[in-house]
Amino acid sequence: IRAVVIQGKGRSFCAGLDFGAAFKDRKRVARFFLAGPRPVNKFQKVTTIWRDLPVPVIAVIHGHCYGAGVQLAAGADFRFTTPDATWSILEAKWGLVPDMGGTVPFSDQMKADDVMRLSMTGEQITGTRAVELGLATEAVDEPIKAALELIESISERSPDSVAATKKLIYANRRGSLRQAWRLERRLQ
């Protein structure tokens, strides 16, 4: 496997969490919020797992990209969207905070005031605006075509180099300079 593509079927990438289905078993939902000794809970794992894969993960967005969908997309390494796609960190509408591990990639991709504005208001933005804010990689009419072209280009490179580069970039975003240089030396 040289890459993973996440794409919604139908009219939207993801219209958000299906509250009716998700909350049928309230005890199970409560258990999902508990992390225990793990660094993330089961809701967060859905989006954070993409960083652990040694291959590029590309989200292809069209239609609606709401709530959990924005967090799924943000967890990917690259996000190609149609210009007219509608994005919204919708949790604000329900009186919630982003809760699926999205705040880490949001903070990596956007300025703090933009993250707060979108997270506090639930404001809807277009795919074009998502690119301007850094939330999406590129807005194109055919995002799957752009994703496949990127995969083709990356697949021409050493899979070990690609995996090490991904690990290096993510590890250096949060660590100290000393840790960054040490990891870079080790992976080199």
# chains A, B, ... in the order shown; residues from 1 in each chain; ligands from 1
call {"tool": "residues_around", "arguments": {"residues": "A:Gly10", "least_positions_apart": "2", "cutoff": "12 Å", "atoms": "only C-alpha atoms", "output": "ChimeraX atom specification"}}
result
/A:7-8,12-15,61-64
call {"tool": "write_last_selection", "arguments": {"atoms": "all heavy atoms", "output": "mmCIF file, in the first residue's frame"}}
result
data_model
loop_
_atom_site.group_PDB
_atom_site.id
_atom_site.type_symbol
_atom_site.label_atom_id
_atom_site.label_comp_id
_atom_site.auth_asym_id
_atom_site.auth_seq_id
_atom_site.Cartn_x
_atom_site.Cartn_y
_atom_site.Cartn_z
ATOM 1 N N GLN A 7 -12.708 9.058 0.948
ATOM 2 C CA GLN A 7 -13.657 9.779 0.108
ATOM 3 C C GLN A 7 -15.067 9.359 0.479
ATOM 4 O O GLN A 7 -15.330 8.169 0.684
ATOM 5 C CB GLN A 7 -13.378 9.464 -1.362
ATOM 6 C CG GLN A 7 -14.269 10.183 -2.332
ATOM 7 C CD GLN A 7 -13.917 9.854 -3.782
ATOM 8 O OE1 GLN A 7 -13.314 8.824 -4.073
ATOM 9 N NE2 GLN A 7 -14.305 10.725 -4.688
ATOM 10 N N GLY A 8 -15.974 10.320 0.556
ATOM 11 C CA GLY A 8 -17.363 10.009 0.832
ATOM 12 C C GLY A 8 -18.087 9.612 -0.435
ATOM 13 O O GLY A 8 -17.750 10.073 -1.521
ATOM 14 N N SER A 12 -22.084 13.949 -0.358
ATOM 15 C CA SER A 12 -21.209 14.626 0.597
ATOM 16 C C SER A 12 -20.033 13.760 1.023
ATOM 17 O O SER A 12 -20.114 12.532 0.982
ATOM 18 C CB SER A 12 -21.989 15.005 1.856
ATOM 19 O OG SER A 12 -22.965 15.960 1.570
ATOM 20 N N PHE A 13 -18.992 14.443 1.484
ATOM 21 C CA PHE A 13 -17.875 13.739 2.110
ATOM 22 C C PHE A 13 -18.357 13.171 3.441
ATOM 23 O O PHE A 13 -18.228 11.983 3.703
ATOM 24 C CB PHE A 13 -16.705 14.712 2.331
ATOM 25 C CG PHE A 13 -15.568 14.113 3.116
ATOM 26 C CD1 PHE A 13 -14.725 13.179 2.542
ATOM 27 C CD2 PHE A 13 -15.340 14.491 4.429
ATOM 28 C CE1 PHE A 13 -13.677 12.622 3.259
ATOM 29 C CE2 PHE A 13 -14.293 13.942 5.151
ATOM 30 C CZ PHE A 13 -13.460 13.005 4.574
ATOM 31 N N CYS A 14 -18.933 14.041 4.284
ATOM 32 C CA CYS A 14 -19.458 13.606 5.576
ATOM 33 C C CYS A 14 -20.334 14.720 6.138
ATOM 34 O O CYS A 14 -19.880 15.851 6.285
ATOM 35 C CB CYS A 14 -18.324 13.295 6.546
ATOM 36 S SG CYS A 14 -18.885 12.753 8.174
ATOM 37 N N ALA A 15 -21.568 14.391 6.461
ATOM 38 C CA ALA A 15 -22.501 15.378 7.010
ATOM 39 C C ALA A 15 -22.408 15.460 8.530
ATOM 40 O O ALA A 15 -23.213 16.121 9.166
ATOM 41 C CB ALA A 15 -23.929 15.048 6.583
ATOM 42 N N ILE A 61 -12.646 15.795 -0.636
ATOM 43 C CA ILE A 61 -13.872 16.377 -0.086
ATOM 44 C C ILE A 61 -14.747 16.975 -1.181
ATOM 45 O O ILE A 61 -14.269 17.691 -2.063
ATOM 46 C CB ILE A 61 -13.530 17.465 0.958
ATOM 47 C CG1 ILE A 61 -12.885 16.846 2.208
ATOM 48 C CG2 ILE A 61 -14.770 18.221 1.396
ATOM 49 C CD1 ILE A 61 -11.437 16.680 2.149
ATOM 50 N N HIS A 62 -16.030 16.674 -1.096
ATOM 51 C CA HIS A 62 -17.042 17.273 -1.968
ATOM 52 C C HIS A 62 -18.322 17.422 -1.144
ATOM 53 O O HIS A 62 -18.478 16.782 -0.096
ATOM 54 C CB HIS A 62 -17.295 16.391 -3.199
ATOM 55 C CG HIS A 62 -17.981 15.102 -2.853
ATOM 56 N ND1 HIS A 62 -17.319 14.054 -2.238
ATOM 57 C CD2 HIS A 62 -19.267 14.712 -2.997
ATOM 58 C CE1 HIS A 62 -18.181 13.064 -2.040
ATOM 59 N NE2 HIS A 62 -19.371 13.439 -2.489
ATOM 60 N N GLY A 63 -19.224 18.261 -1.596
ATOM 61 C CA GLY A 63 -20.496 18.430 -0.887
ATOM 62 C C GLY A 63 -20.273 18.995 0.504
ATOM 63 O O GLY A 63 -19.579 19.982 0.687
ATOM 64 N N HIS A 64 -20.873 18.340 1.505
ATOM 65 C CA HIS A 64 -20.734 18.784 2.890
ATOM 66 C C HIS A 64 -19.557 18.108 3.571
ATOM 67 O O HIS A 64 -19.319 16.919 3.376
ATOM 68 C CB HIS A 64 -22.007 18.461 3.680
ATOM 69 C CG HIS A 64 -23.219 19.122 3.130
ATOM 70 N ND1 HIS A 64 -24.109 18.463 2.320
ATOM 71 C CD2 HIS A 64 -23.665 20.389 3.246
ATOM 72 C CE1 HIS A 64 -25.071 19.296 1.971
ATOM 73 N NE2 HIS A 64 -24.827 20.473 2.509
#
call {"tool": "select_by_dssp", "arguments": {"residues": "stretch 61-141 of chain A", "states": "strand (DSSP E or B)", "output": "PyMOL selection string"}}
result
chain A and resi 61+64-66+78-81+86-88+125-126+138-139
call {"tool": "select_by_dssp", "arguments": {"residues": "stretch 80-159 of chain A", "states": "helix (DSSP H, G or I)", "output": "PyMOL selection string"}}
result
chain A and resi 90-94+103-109+112-121+127-133+143-155+159
call {"tool": "closest_atom_pairs", "arguments": {"of": "stretch 34-90 of chain A", "to": "stretch 156-165 of chain A", "cutoff": "9 Å", "atoms": "only C-alpha atoms", "output": "CSV"}}
result
residue,atom,partner,partner_atom,distance
A:Leu53,CA,A:Ala163,CA,8.1
A:Pro54,CA,A:Ala163,CA,4.5
A:Val55,CA,A:Ala163,CA,5.8
A:Pro56,CA,A:Val162,CA,7.9
call {"tool": "residues_around", "arguments": {"residues": "A:Leu133", "least_positions_apart": "3", "cutoff": "8 Å", "atoms": "only C-alpha atoms", "output": "JSON, numbers by chain"}}
result
{"A": [109, 110, 111, 114, 129, 130, 136]}
call {"tool": "write_last_selection", "arguments": {"atoms": "all heavy atoms", "output": "compact mmCIF listing (two decimals), in the first residue's frame"}}
result
# COMPACT_ATOMS: atom_id res chain seq x y z
N GLN A 109 -2.60 23.42 11.11
CA GLN A 109 -2.95 23.89 9.78
C GLN A 109 -3.39 25.35 9.72
O GLN A 109 -3.23 25.99 8.69
CB GLN A 109 -4.06 23.01 9.20
CG GLN A 109 -3.61 21.58 9.01
CD GLN A 109 -4.76 20.59 8.94
OE1 GLN A 109 -5.93 20.96 8.95
NE2 GLN A 109 -4.43 19.31 8.88
N MET A 110 -3.95 25.87 10.82
CA MET A 110 -4.52 27.22 10.79
C MET A 110 -3.99 28.08 11.93
O MET A 110 -3.52 27.57 12.94
CB MET A 110 -6.05 27.13 10.92
CG MET A 110 -6.75 26.44 9.78
SD MET A 110 -8.55 26.52 9.95
CE MET A 110 -8.85 25.32 11.24
N LYS A 111 -4.14 29.38 11.77
CA LYS A 111 -3.81 30.31 12.84
C LYS A 111 -4.81 30.10 13.99
O LYS A 111 -5.96 29.73 13.76
CB LYS A 111 -3.90 31.76 12.35
CG LYS A 111 -2.93 32.11 11.24
CD LYS A 111 -3.03 33.58 10.86
CE LYS A 111 -4.48 33.97 10.62
NZ LYS A 111 -4.69 35.32 10.14
N ASP A 114 -8.23 31.76 13.69
CA ASP A 114 -9.11 31.12 12.71
C ASP A 114 -9.70 29.83 13.28
O ASP A 114 -10.89 29.54 13.09
CB ASP A 114 -8.37 30.83 11.40
CG ASP A 114 -8.02 32.10 10.64
OD1 ASP A 114 -8.78 33.09 10.75
OD2 ASP A 114 -7.01 32.09 9.93
N ARG A 129 -12.26 28.77 0.63
CA ARG A 129 -11.89 29.44 1.88
C ARG A 129 -11.09 28.50 2.79
O ARG A 129 -10.16 28.93 3.46
CB ARG A 129 -13.13 29.96 2.60
CG ARG A 129 -12.83 30.72 3.87
CD ARG A 129 -12.24 32.08 3.58
NE ARG A 129 -12.05 32.81 4.83
CZ ARG A 129 -10.94 33.47 5.15
NH1 ARG A 129 -9.94 33.53 4.29
NH2 ARG A 129 -10.83 34.09 6.29
N ALA A 130 -11.43 27.22 2.78
CA ALA A 130 -10.69 26.25 3.59
C ALA A 130 -9.22 26.21 3.17
O ALA A 130 -8.33 26.10 4.02
CB ALA A 130 -11.32 24.86 3.47
N ALA A 136 -7.50 23.13 4.10
CA ALA A 136 -7.45 22.22 2.95
C ALA A 136 -6.17 22.49 2.17
O ALA A 136 -5.61 23.59 2.22
CB ALA A 136 -8.67 22.40 2.06
call {"tool": "residues_around", "arguments": {"residues": "stretch 90-98 of chain A", "least_positions_apart": "3", "cutoff": "9 Å", "atoms": "only C-alpha atoms", "output": "mmCIF file with N, CA and C atoms, in the first residue's frame"}}
result
data_model
loop_
_atom_site.group_PDB
_atom_site.id
_atom_site.type_symbol
_atom_site.label_atom_id
_atom_site.label_comp_id
_atom_site.auth_asym_id
_atom_site.auth_seq_id
_atom_site.Cartn_x
_atom_site.Cartn_y
_atom_site.Cartn_z
ATOM 1 N N GLY A 16 -21.430 14.795 9.130
ATOM 2 C CA GLY A 16 -21.245 14.859 10.581
ATOM 3 C C GLY A 16 -21.735 13.604 11.274
ATOM 4 N N TYR A 66 -18.866 18.377 7.425
ATOM 5 C CA TYR A 66 -19.333 18.969 8.675
ATOM 6 C C TYR A 66 -18.850 18.188 9.890
ATOM 7 N N GLY A 67 -18.649 18.889 10.986
ATOM 8 C CA GLY A 67 -18.376 18.272 12.280
ATOM 9 C C GLY A 67 -17.301 17.216 12.232
ATOM 10 N N ALA A 68 -17.710 15.977 12.520
ATOM 11 C CA ALA A 68 -16.774 14.850 12.517
ATOM 12 C C ALA A 68 -16.073 14.727 11.172
ATOM 13 N N VAL A 70 -15.056 17.177 9.196
ATOM 14 C CA VAL A 70 -13.933 18.122 9.142
ATOM 15 C C VAL A 70 -12.756 17.540 9.918
ATOM 16 N N GLN A 71 -13.056 16.901 11.044
ATOM 17 C CA GLN A 71 -11.978 16.332 11.849
ATOM 18 C C GLN A 71 -11.352 15.116 11.159
ATOM 19 N N TRP A 87 -17.717 23.464 4.333
ATOM 20 C CA TRP A 87 -17.016 22.977 5.524
ATOM 21 C C TRP A 87 -17.573 23.686 6.756
ATOM 22 N N GLY A 101 -10.135 14.553 18.127
ATOM 23 C CA GLY A 101 -8.722 14.724 17.843
ATOM 24 C C GLY A 101 -8.433 15.812 16.827
ATOM 25 N N GLY A 102 -9.447 16.548 16.420
ATOM 26 C CA GLY A 102 -9.268 17.557 15.376
ATOM 27 C C GLY A 102 -8.486 18.780 15.800
ATOM 28 N N THR A 103 -8.460 19.085 17.083
ATOM 29 C CA THR A 103 -7.813 20.327 17.491
ATOM 30 C C THR A 103 -6.304 20.321 17.233
ATOM 31 N N LEU A 118 -13.817 29.404 13.816
ATOM 32 C CA LEU A 118 -14.587 28.311 13.216
ATOM 33 C C LEU A 118 -15.133 27.361 14.278
ATOM 34 N N SER A 119 -14.357 27.098 15.329
ATOM 35 C CA SER A 119 -14.785 26.172 16.381
ATOM 36 C C SER A 119 -15.832 26.773 17.301
ATOM 37 N N MET A 120 -15.818 28.084 17.476
ATOM 38 C CA MET A 120 -16.771 28.743 18.379
ATOM 39 C C MET A 120 -18.068 29.135 17.703
ATOM 40 N N THR A 121 -18.033 29.307 16.380
ATOM 41 C CA THR A 121 -19.230 29.788 15.671
ATOM 42 C C THR A 121 -19.938 28.716 14.856
ATOM 43 N N GLY A 122 -19.219 27.690 14.408
ATOM 44 C CA GLY A 122 -19.802 26.715 13.500
ATOM 45 C C GLY A 122 -20.026 27.309 12.119
ATOM 46 N N GLU A 123 -19.386 28.435 11.845
ATOM 47 C CA GLU A 123 -19.504 29.128 10.559
ATOM 48 C C GLU A 123 -19.215 28.175 9.403
ATOM 49 N N GLN A 124 -19.976 28.307 8.336
ATOM 50 C CA GLN A 124 -19.755 27.501 7.140
ATOM 51 C C GLN A 124 -18.830 28.256 6.199
#
call {"tool": "closest_residue", "arguments": {"among": "A:Ile1, A:Val60, A:Asp108, A:Lys24", "to": "A:Ala171", "atoms": "only C-alpha atoms"}}
result
A:Asp108
call {"tool": "residues_around", "arguments": {"residues": "A:Pro143", "least_positions_apart": "6", "cutoff": "7 Å", "atoms": "only C-alpha atoms", "output": "list in words"}}
result
Val60, Phe80, Thr81 and Thr82 of chain A
call {"tool": "closest_residue", "arguments": {"among": "A:Met100, A:Ala73, A:Ile58, A:Leu17", "to": "A:Asn41", "atoms": "only C-alpha atoms"}}
result
A:Met100
call {"tool": "closest_residue", "arguments": {"among": "A:Ser155, A:Leu72, A:Lys27, A:Gly127", "to": "A:Thr47", "atoms": "only C-alpha atoms"}}
result
A:Leu72
call {"tool": "residues_around", "arguments": {"residues": "A:Ala76", "least_positions_apart": "5", "cutoff": "7 Å", "atoms": "only C-alpha atoms", "output": "NGL selection string"}}
result
:A and (50 or 57-59)
call {"tool": "write_last_selection", "arguments": {"atoms": "C-alpha atoms", "output": "CSV table (one decimal), in the first residue's frame"}}
result
chain,number,residue,atom,x,y,z
A,50,TRP,CA,-4.0,8.5,10.0
A,57,VAL,CA,-3.4,9.7,3.7
A,58,ILE,CA,-5.4,12.0,1.4
A,59,ALA,CA,-9.0,13.1,2.0
call {"tool": "atom_distance", "arguments": {"atom1": "atom CA of A:Val140", "atom2": "atom CA of A:Thr126"}}
result
12.0 Å
call {"tool": "closest_residue", "arguments": {"among": "A:Arg117, A:Arg79, A:Lys167, A:Arg186", "to": "A:Val5", "atoms": "only C-alpha atoms"}}
result
A:Arg79
call {"tool": "atom_distance", "arguments": {"atom1": "atom CA of A:Ile125", "atom2": "atom CA of A:Ala147"}}
result
21.4 Å
call {"tool": "atom_distance", "arguments": {"atom1": "atom CA of A:Lys9", "atom2": "atom CA of A:Ile144"}}
result
12.2 Å
